[in-house]
Structures are given as C-alpha cells and as structure tokens.
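The data block below is data.cif; it holds mmCIF, C-alpha atoms and all ligand atoms.
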data_run
loop_
_atom_site.label_atom_id
_atom_site.label_comp_id
_atom_site.auth_asym_id
_atom_site.auth_seq_id
_atom_site.Cartn_x
_atom_site.Cartn_y
_atom_site.Cartn_z
CA MET A 1 118.46 69.94 97.17
CA LEU A 2 117.33 72.78 99.46
CA ASP A 3 121.01 73.41 100.32
CA VAL A 4 121.66 74.01 96.64
CA TYR A 5 118.45 75.68 95.47
CA MET A 6 117.81 78.12 98.32
CA PRO A 7 121.33 79.65 98.57
CA MET A 8 121.34 80.04 94.77
CA MET A 9 118.00 81.88 94.80
CA LYS A 10 118.90 83.94 97.85
CA SER A 11 122.15 85.06 96.28
CA ALA A 12 120.50 85.70 92.88
CA ALA A 13 117.74 87.81 94.45
CA ILE A 14 120.07 89.99 96.55
CA VAL A 15 122.52 90.43 93.66
CA SER A 16 119.65 91.36 91.30
CA ALA A 17 118.37 93.92 93.80
CA GLY A 18 121.86 95.44 93.81
CA ARG A 19 122.06 95.49 90.01
CA LEU A 20 118.62 97.10 89.75
CA GLY A 21 119.40 99.71 92.41
CA LEU A 22 116.40 98.50 94.42
CA PHE A 23 117.87 99.02 97.92
CA GLU A 24 119.18 102.46 96.97
CA ALA A 25 115.74 103.36 95.54
CA LEU A 26 114.27 102.75 99.01
CA ALA A 27 117.08 104.49 100.91
CA LYS A 28 115.21 107.76 101.35
CA GLY A 29 111.95 106.15 102.44
CA PRO A 30 109.25 103.51 101.72
CA LEU A 31 107.56 103.25 98.32
CA SER A 32 104.59 101.40 96.89
CA VAL A 33 105.32 98.57 94.46
CA PRO A 34 104.36 100.67 91.38
CA GLN A 35 106.51 103.60 92.61
CA LEU A 36 109.47 101.29 93.23
CA ALA A 37 108.98 99.58 89.85
CA GLU A 38 109.07 102.95 88.11
CA LYS A 39 112.16 104.06 90.02
CA ILE A 40 114.13 100.93 89.11
CA GLN A 41 112.72 100.84 85.56
CA SER A 42 111.23 97.38 86.00
CA SER A 43 107.88 95.69 85.56
CA ILE A 44 105.35 95.81 88.40
CA LYS A 45 105.00 92.03 88.29
CA GLY A 46 108.77 91.43 88.45
CA THR A 47 109.30 94.01 91.20
CA ALA A 48 106.49 92.55 93.33
CA THR A 49 107.80 88.98 92.91
CA LEU A 50 111.36 89.96 93.81
CA ALA A 51 110.14 92.08 96.74
CA ASP A 52 108.11 89.15 98.13
CA PHE A 53 111.24 87.01 98.33
CA LEU A 54 113.37 89.84 99.77
CA ILE A 55 110.73 90.31 102.50
CA ALA A 56 110.83 86.59 103.29
CA LEU A 57 114.65 86.83 103.51
CA GLY A 58 114.52 89.81 105.88
CA TYR A 59 116.04 92.28 103.40
CA LEU A 60 112.83 94.31 102.93
CA GLU A 61 109.81 94.85 105.14
CA LYS A 62 106.27 96.16 104.76
CA GLN A 63 105.47 99.47 106.44
CA GLY A 64 101.75 100.11 106.09
CA GLY A 65 101.15 99.12 102.49
CA LEU A 66 104.62 100.28 101.41
CA LEU A 67 107.97 98.54 100.87
CA ALA A 68 110.97 99.58 103.00
CA ASN A 69 114.57 98.49 103.55
CA THR A 70 115.13 96.67 106.84
CA GLU A 71 117.63 98.34 109.17
CA SER A 72 120.43 95.97 108.16
CA THR A 73 119.80 96.50 104.39
CA GLN A 74 119.81 100.27 104.88
CA ARG A 75 123.07 99.98 106.82
CA TRP A 76 125.05 97.72 104.44
CA PHE A 77 123.55 98.24 100.95
CA THR A 78 122.74 101.95 100.56
CA SER A 79 124.72 105.16 100.26
CA LEU A 80 122.99 106.44 103.42
CA GLY A 81 124.19 103.51 105.56
CA GLN A 82 127.42 102.78 107.39
CA VAL A 83 129.11 101.05 104.44
CA ASP A 84 127.62 100.49 101.00
CA TYR A 85 128.55 96.95 99.89
CA THR A 86 126.57 97.27 96.61
CA PRO A 87 129.88 96.95 94.65
CA GLY A 88 130.19 93.52 96.31
CA LEU A 89 126.82 92.56 94.82
CA LEU A 90 127.95 93.76 91.38
CA TRP A 91 131.19 91.81 91.81
CA THR A 92 129.28 88.67 92.82
CA HIS A 93 127.34 88.95 89.54
CA GLU A 94 130.70 88.65 87.74
CA ALA A 95 131.92 85.88 90.09
CA TRP A 96 128.90 83.63 89.35
CA PRO A 97 130.07 82.47 85.90
CA MET A 98 133.65 82.09 87.21
CA MET A 99 132.37 79.68 89.89
CA GLY A 100 131.24 77.44 87.04
CA GLY A 101 134.91 76.47 86.68
CA LEU A 102 135.30 75.35 90.31
CA ALA A 103 135.26 71.60 89.59
CA GLU A 104 138.05 72.08 87.01
CA ALA A 105 140.12 74.11 89.52
CA VAL A 106 139.66 71.35 92.11
CA ARG A 107 140.72 68.76 89.55
CA SER A 108 143.89 70.62 88.52
CA GLY A 109 144.64 72.32 91.86
CA HIS A 110 144.92 75.79 90.32
CA PRO A 111 142.87 78.30 88.31
CA GLU A 112 142.68 77.88 84.58
CA ARG A 113 143.57 81.58 84.44
CA THR A 114 144.02 83.90 87.41
CA LEU A 115 141.73 86.77 88.32
CA TRP A 116 144.57 89.16 87.50
CA ASP A 117 144.80 87.79 83.94
CA ALA A 118 141.01 88.04 83.57
CA MET A 119 141.25 91.70 84.63
CA VAL A 120 143.80 92.44 81.93
CA GLU A 121 141.44 90.93 79.35
CA HIS A 122 138.26 92.56 80.72
CA SER A 123 139.17 95.96 82.14
CA HIS A 124 135.80 96.55 83.84
CA LEU A 125 136.61 93.65 86.21
CA GLY A 126 139.58 95.45 87.75
CA GLU A 127 137.54 98.60 88.35
CA LEU A 128 134.68 96.63 89.89
CA PHE A 129 136.97 94.58 92.13
CA SER A 130 138.66 97.77 93.39
CA SER A 131 135.24 99.30 94.23
CA TYR A 132 134.38 96.14 96.15
CA MET A 133 137.71 96.33 98.02
CA ALA A 134 136.98 100.02 98.68
CA ALA A 135 133.78 99.02 100.54
CA PHE A 136 135.83 96.67 102.77
CA ALA A 137 138.37 99.46 103.23
CA SER A 138 135.80 101.98 104.45
CA ASP A 139 134.68 99.37 106.99
CA LEU A 140 138.26 98.57 108.10
CA GLY A 141 139.59 102.15 108.03
CA PRO A 142 138.56 103.21 111.57
CA ASP A 143 140.14 100.02 113.04
CA LEU A 144 143.40 100.80 111.27
CA LEU A 145 143.49 104.38 112.52
CA LYS A 146 142.75 103.16 116.03
CA HIS A 147 145.42 100.44 116.17
CA VAL A 148 148.27 101.80 114.02
CA PRO A 149 150.42 104.41 115.79
CA VAL A 150 152.23 106.95 113.57
CA ALA A 151 154.99 109.01 115.19
CA PRO A 152 155.59 112.65 114.06
CA GLU A 153 159.01 111.70 112.65
CA GLN A 154 157.46 109.03 110.38
CA HIS A 155 156.94 110.50 106.93
CA ARG A 156 156.87 107.78 104.30
CA LEU A 157 154.05 105.27 103.88
CA LEU A 158 154.21 102.40 101.37
CA ASP A 159 150.89 100.70 100.59
CA LEU A 160 151.58 97.42 98.76
CA GLY A 161 148.50 96.28 96.82
CA GLY A 162 146.88 99.60 97.80
CA SER A 163 144.25 99.41 95.03
CA HIS A 164 141.52 102.09 95.57
CA GLY A 165 143.92 104.23 97.69
CA LEU A 166 141.45 104.75 100.56
CA HIS A 167 143.84 103.56 103.28
CA ALA A 168 146.65 105.85 102.09
CA ILE A 169 144.16 108.74 101.80
CA ARG A 170 142.81 108.15 105.32
CA PHE A 171 146.30 108.05 106.87
CA CYS A 172 147.55 111.10 104.94
CA ARG A 173 144.47 113.04 106.08
CA ARG A 174 144.96 112.04 109.74
CA HIS A 175 148.77 112.55 109.75
CA PRO A 176 149.70 115.69 107.77
CA GLN A 177 153.43 114.81 107.79
CA LEU A 178 152.82 111.61 105.76
CA SER A 179 153.24 111.09 102.05
CA ALA A 180 152.50 107.75 100.42
CA VAL A 181 153.41 105.44 97.56
CA ILE A 182 150.85 102.89 96.33
CA VAL A 183 152.09 99.86 94.38
CA ASP A 184 149.47 97.73 92.62
CA LEU A 185 148.71 96.12 89.28
CA PRO A 186 147.61 98.66 86.63
CA SER A 187 144.14 96.99 86.48
CA ALA A 188 143.53 97.91 90.15
CA LEU A 189 144.62 101.54 89.83
CA SER A 190 142.43 102.73 86.95
CA GLU A 191 140.31 104.98 89.20
CA THR A 192 142.76 105.59 92.05
CA GLY A 193 144.45 108.68 90.57
CA THR A 194 141.03 110.34 90.16
CA THR A 195 140.05 109.55 93.76
CA ILE A 196 143.33 110.96 95.07
CA ALA A 197 142.95 114.10 92.95
CA ARG A 198 139.38 114.56 94.24
CA GLU A 199 140.80 114.45 97.78
CA GLN A 200 143.43 117.04 96.72
CA LEU A 201 146.26 114.72 97.73
CA SER A 202 147.99 114.25 94.36
CA ASP A 203 151.10 116.01 95.66
CA ARG A 204 151.41 113.57 98.60
CA ILE A 205 150.20 110.20 97.25
CA HIS A 206 151.94 108.69 94.24
CA LEU A 207 151.06 105.60 92.23
CA ARG A 208 153.50 102.97 91.03
CA PRO A 209 151.54 100.69 88.72
CA GLY A 210 153.19 97.30 88.34
CA ASP A 211 153.77 93.89 89.82
CA LEU A 212 155.01 94.33 93.39
CA HIS A 213 157.55 91.54 92.82
CA GLU A 214 159.25 93.48 90.04
CA GLU A 215 158.40 97.12 90.76
CA ASP A 216 160.90 99.40 92.50
CA TRP A 217 159.10 100.51 95.69
CA GLY A 218 161.03 103.77 95.85
CA GLY A 219 163.57 103.92 98.67
CA GLU A 220 163.19 103.74 102.45
CA HIS A 221 159.80 103.81 104.23
CA ASP A 222 158.65 104.33 107.82
CA LEU A 223 155.35 102.49 107.56
CA VAL A 224 154.37 99.67 105.18
CA PHE A 225 150.83 98.38 104.62
CA TYR A 226 150.35 94.81 103.39
CA LEU A 227 146.59 94.73 103.73
CA SER A 228 144.65 91.70 102.48
CA VAL A 229 147.40 90.96 99.98
CA ALA A 230 149.21 87.97 101.57
CA HIS A 231 146.33 85.62 100.66
CA ASN A 232 146.95 86.50 97.01
CA HIS A 233 150.49 85.12 97.18
CA THR A 234 152.16 81.78 97.81
CA ALA A 235 153.98 81.10 101.09
CA GLU A 236 157.35 81.46 99.34
CA GLU A 237 156.33 84.78 97.77
CA ASN A 238 155.16 86.10 101.17
CA ARG A 239 158.42 85.07 102.81
CA HIS A 240 160.30 86.96 100.10
CA ILE A 241 158.03 90.04 100.14
CA ILE A 242 158.22 90.32 103.96
CA GLN A 243 162.01 90.06 103.76
CA ARG A 244 162.01 92.86 101.17
CA ILE A 245 159.66 94.96 103.34
CA GLY A 246 162.14 94.50 106.20
CA ASP A 247 164.90 95.83 103.95
CA THR A 248 162.88 98.90 102.90
CA LEU A 249 161.78 99.88 106.44
CA SER A 250 163.64 102.57 108.37
CA SER A 251 164.89 101.67 111.85
CA GLY A 252 161.86 101.56 114.20
CA GLY A 253 159.53 101.44 111.19
CA MET A 254 156.35 99.39 111.26
CA LEU A 255 154.78 96.77 109.00
CA VAL A 256 150.98 96.44 109.19
CA ILE A 257 149.42 93.25 107.83
CA HIS A 258 145.68 92.71 107.55
CA GLU A 259 144.58 89.14 106.94
CA TYR A 260 141.90 86.52 107.38
CA LEU A 261 144.04 84.07 109.36
CA ALA A 262 143.52 80.35 108.87
CA GLU A 263 142.48 78.71 112.14
CA THR A 264 142.45 75.02 113.04
CA PRO A 265 139.82 73.73 112.43
CA LEU A 266 138.70 76.07 109.63
CA ASP A 267 135.22 77.51 110.03
CA ALA A 268 132.84 77.54 107.04
CA LEU A 269 133.67 81.13 106.05
CA ASP A 270 137.45 80.46 106.11
CA ALA A 271 137.02 77.25 104.14
CA ALA A 272 134.77 78.98 101.56
CA PHE A 273 137.30 81.79 101.14
CA ARG A 274 140.10 79.26 100.57
CA LEU A 275 138.00 77.58 97.89
CA THR A 276 137.45 80.98 96.23
CA LEU A 277 141.21 81.60 96.30
CA LEU A 278 141.91 78.18 94.76
CA LEU A 279 139.71 79.22 91.83
CA GLU A 280 140.70 82.88 91.53
CA THR A 281 144.42 83.06 92.27
CA GLY A 282 145.56 79.54 93.17
CA THR A 283 146.70 80.80 96.59
CA GLN A 284 145.39 80.42 100.17
CA THR A 285 145.05 81.98 103.63
CA TYR A 286 147.84 81.40 106.20
CA ARG A 287 148.08 80.72 109.92
CA TYR A 288 149.40 83.27 112.41
CA ASP A 289 152.46 81.13 113.17
CA GLU A 290 153.38 81.15 109.45
CA PHE A 291 153.37 84.97 109.49
CA CYS A 292 155.46 84.90 112.70
CA ASN A 293 158.05 82.66 110.99
CA TRP A 294 158.30 84.94 107.96
CA LEU A 295 158.54 88.03 110.20
CA SER A 296 161.23 86.66 112.47
CA ALA A 297 163.26 85.42 109.46
CA ALA A 298 163.14 89.01 108.16
CA GLY A 299 164.36 90.43 111.48
CA PHE A 300 161.06 91.82 112.78
CA VAL A 301 160.52 92.10 116.54
CA SER A 302 157.61 92.86 118.90
CA VAL A 303 154.96 91.21 116.76
CA VAL A 304 151.41 91.97 117.91
CA ARG A 305 148.20 90.26 116.76
CA ILE A 306 144.86 92.09 117.01
CA ASP A 307 141.69 90.14 116.20
CA LEU A 308 139.06 92.57 114.97
CA ASP A 309 135.44 92.75 116.04
CA PRO A 310 133.35 91.28 114.49
CA ARG A 311 135.60 88.32 113.69
CA GLU A 312 134.71 88.36 109.95
CA LYS A 313 136.73 91.59 109.74
CA GLY A 314 139.93 89.53 110.08
CA SER A 315 143.08 90.34 112.07
CA LEU A 316 145.87 92.90 112.12
CA ILE A 317 149.49 91.92 112.64
CA LEU A 318 151.83 94.77 113.61
CA ALA A 319 155.58 94.24 113.59
CA ARG A 320 158.57 96.53 114.07
CA ARG A 321 162.06 96.35 112.60
C1 LIG A 401 142.26 91.74 98.22
S1 LIG A 401 142.87 93.16 97.42
C2 LIG A 401 143.23 94.25 98.80
C3 LIG A 401 143.26 95.71 98.39
C4 LIG A 401 143.65 96.69 99.52
N1 LIG A 401 144.98 96.45 100.03
C5 LIG A 401 142.65 96.64 100.63
O1 LIG A 401 142.99 96.20 101.74
O2 LIG A 401 141.49 97.02 100.43
C6 LIG A 401 144.48 92.62 96.90
C7 LIG A 401 145.20 93.66 96.08
O3 LIG A 401 146.52 93.16 95.81
C8 LIG A 401 146.83 93.47 94.47
N2 LIG A 401 147.84 92.51 93.99
C9 LIG A 401 147.76 91.16 93.94
N3 LIG A 401 148.87 90.64 93.43
C10 LIG A 401 149.70 91.68 93.14
C11 LIG A 401 150.99 91.80 92.59
N4 LIG A 401 151.70 90.71 92.21
N5 LIG A 401 151.53 93.03 92.43
C12 LIG A 401 150.83 94.13 92.80
N6 LIG A 401 149.60 94.10 93.35
C13 LIG A 401 149.04 92.88 93.51
C14 LIG A 401 145.50 93.32 93.73
O4 LIG A 401 145.50 93.99 92.50
C15 LIG A 401 144.54 93.94 94.74
O5 LIG A 401 144.40 95.31 94.56
#
Do you think you could lay out the structure here as structure tokens?
Amino acid sequence: MLDVYMPMMKSAAIVSAGRLGLFEALAKGPLSVPQLAEKIQSSIKGTATLADFLIALGYLEKQGGLLANTESTQRWFTSLGQVDYTPGLLWTHEAWPMMGGLAEAVRSGHPERTLWDAMVEHSHLGELFSSYMAAFASDLGPDLLKHVPVAPEQHRLLDLGGSHGLHAIRFCRRHPQLSAVIVDLPSALSETGTTIAREQLSDRIHLRPGDLHEEDWGGEHDLVFYLSVAHNHTAEENRHIIQRIGDTLSSGGMLVIHEYLAETPLDALDAAFRLTLLLETGTQTYRYDEFCNWLSAAGFVSVVRIDLDPREKGSLILARR
C-alpha cells in the first residue's frame, strides 16, 4: 500500500503547494509559518502541516526558525529559478480526475474522449496545457538553438503544433532573416497571439489555427519544427505528415523533430508516458528506427540523432531533404 499511498500524497502535496503559490511566496527569501500562511491566504495549521511534509520530501528546508525553498525547488518551481514548472503542477491538478478513467482506457484500448476534445469543451484546459508546454519549451530552447543550424538564405520557418510560440519566437529573435508560421489547434493558440505581440514579432510570426492534417501550411519552407508532436499521432499519421513536410521543404531545407524515443526495454518514465498517452490521445511514443523509416520513405537524407542531457529531455532528430 505504501507504493500507492505515498506517491499519491507526495503528488497531492506538491501540486497543492503550486496551487497555493507556496513556493513562489518563498522565492524572495525565508518566512515564518504565520508569515507564509498570510502570504498564501491559508490557515496557520494547514500551512504548518503541509510544510512539514514538504520538508520531509526535500522540497522545503528550515533555515533558523524559518521556512525556505530548497535549491532544487527554487530552481524548478519559482519565477526566479531556471525554469518555472508551476504550470505543470496546475496541469497535474486537472490530470488527476482524468486518471480516474485509466482502467476504462486500458479495457477499451483508447480514450473515452481525447484531450483535444476535452479542451474544446473546457477552454481553460487548452490554455493551461500550453503554459505547461511553454515551461518545457523554455528548458529545451537553448538545446535547439545550439543544435539547429540556420543558414542566412533560410527565411521561412514552419512550426507544426507550435502551441505557445516560444520556439518560433526564440528562432526569429536569434535569426533576423526568419519569419514563421505556427499551425496548431485553436485551443492551443488562445494566448499565443498576445505573447507574439508582446515580443513585437506580429509582423514576422503568423498563426494558422486548425488541424495540421487539414490546414494549408502556406507554401514552401526552409525549416520545419515537429517538436513533441509525433507522440500525439498514430504511426500512419506520422508517416503521412513527414511525407507532407518533405513536400513543403525547399531543397536543402531541414526538418527538426523533438521526441521521447521509445527504447527497448522501456524504462519506467517511458512506460508511464505511454500509459498517459493511451488515456489522453490514444497514441504512443515511437522508436528511432520508425522515424528513420518514415524519413527515408519521404526522401530525407543525412539523418542525425542527438540525445539530450539529461536524458529526460528527450532526443532531437535532424534530417535534410
Ligand atoms: C506536446 S505539445 C508540444 C507543443 C510544442 N511543439 C512544444 O514543443 O512545446 C503537442 C502540440 O501539438 C498540437 N496538436 C496535436 N494534434 C494536432 C493536430 N491534429 N493539429 C494541430 N496541432 C495538433 C497540440 O495542440 C499541442 O500544442
């Protein structure tokens, strides 16, 4: 029972801290329990009880008589850290009730209704999911800039499933000759136009809300991003999309895939992610050799695989036409 009870309580405590803004409240420095309770508008008793568990888990620590974030909490769950994954905690709060349907998804082999349908019904879900993806994107962004070469004569970037727009923004900032098109479902793009406008890039980055299977991607492109999107599609859909990407790429153009590649045997994180996908979208992760088959069928050459560090960040696959 400890394998069931303790992960549930650990997850519930960390998610609740995120929802209450507890880690952010400690970002600028340690506080006493009553000060923290006031800042997060909670009872002293509740705050102390939650803090006790977060200390035991290594998320908070005592400094003198005061409560403080540990180094790792400060780094991953506050606006003053390297990446703020708080949107991931808020998303996990929404994912909890969905996980209640896991046995039914296992029984039928597919979700009762996909995440994308749920987002159409409950618009806040799309916004929240995009903010969560944006946290991943700020973590992945420097790796992409480092590994993806952009030549001066390359002008047109297509970001399929580009969601929050952060990757297109980062590349347009770094390479002033680039303009970009982002294709994604309307539910994922609700805040993207505002972010792009804030970055003063509305004249260079354009949104095409729609299903990427049906949407016109808008002519020829020099660089195509397919970042963390393949696991949301079936093998047959990926084969078709990669073929279509091949057709849209200019000669010498590059496709950049980011994925969590399935290894044999699967480790626990891979296997957990595949179970999540079974429930949320009915799809799965794929092996590197499957991507290689799709790429070579679409006429891609010089395929390169880059495993990112740390491994949980996934892999990049770069391929040229
Ligand atoms: C896991 S997120 C990755 C977001 C972004 N590319 C990134 O790397 O942060 C997958 C994205 O693909 C989009 N997506 C999934 N199926 C799609 C479809 N059929 N048409 C357009 N976008 C789709 C989702 O809305 C979501 O924004």
Discussion item. Neighbouring residues of ligand LIG 401 (chain A) are defined here as those with any atom at most 9 Å from a ligand atom, counting only C-alpha atoms and all ligand atoms; list them as number ranges by chain.
Written reply: A: 116, 126, 129-130, 132-138, 140, 159-167, 183-189, 209-215, 225-233, 258-259, 281
Practice prompt. Might you pull out every residue within 12 Å of A:Phe291, with all atoms listed in the file counted and same-chain residues fewer than 3 positions away left off, and present them as number ranges by chain?
Written response: A: 226, 230-231, 235-236, 238-243, 255-262, 285-288, 294-298, 300, 303-305, 315-319
Worksheet item: Which distance in Å separates atom CA of A:Ala272 and atom CA of A:Asp307, to one decimal?
Response: 19.7 Å
Discussion item. For a quick check of understanding, using all atoms listed in the file, which of A:Lys39, A:His124, A:His110, A:Arg19 has the smallest distance to A:Tyr85?
Written reply: A:Arg19
Discussion item. Report as a list of chain:residue names all protein, DNA and RNA residues lying within 10 Å of A:Glu94, evaluated on all atoms listed in the file, omitting residues in the same chain fewer than 4 positions from it.
Written reply: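 Near neighbours after the sequence-gap exclusion: A:Gly88, A:Leu89, A:Leu90, A:Met98, A:Met99, A:Leu125, A:Leu128, A:Phe129.
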Those same residues, written as a CSV table (one decimal), in the frame of the given file with C-alpha atoms?
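Contents of result-v6.csv, freshly written:
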chain,number,residue,atom,x,y,z
A,88,GLY,CA,130.2,93.5,96.3
A,89,LEU,CA,126.8,92.6,94.8
A,90,LEU,CA,128.0,93.8,91.4
A,98,MET,CA,133.6,82.1,87.2
A,99,MET,CA,132.4,79.7,89.9
A,125,LEU,CA,136.6,93.6,86.2
A,128,LEU,CA,134.7,96.6,89.9
A,129,PHE,CA,137.0,94.6,92.1
Discussion item. Considering only C-alpha atoms, can you say which of A:Glu38, A:Glu191, A:Glu24, A:Glu290 comes closest to A:Ser123?
Written reply: A:Glu191
Response to the item:
Pairwise distance, atom CA of A:Ser32 with atom CA of A:Ala12, equals 22.7 Å
Practice prompt. Work out how far apart atom CA of A:Asp289 and atom CA of A:Val224 are and give it in Å to one decimal.
Written response: 20.3 Å
Worksheet item: Residues around (142.7, 72.8, 90.2), cut-off 12 Å, counting all atoms listed in the file - what are they as number ranges by chain?
Response: A: 101-114, 275-283
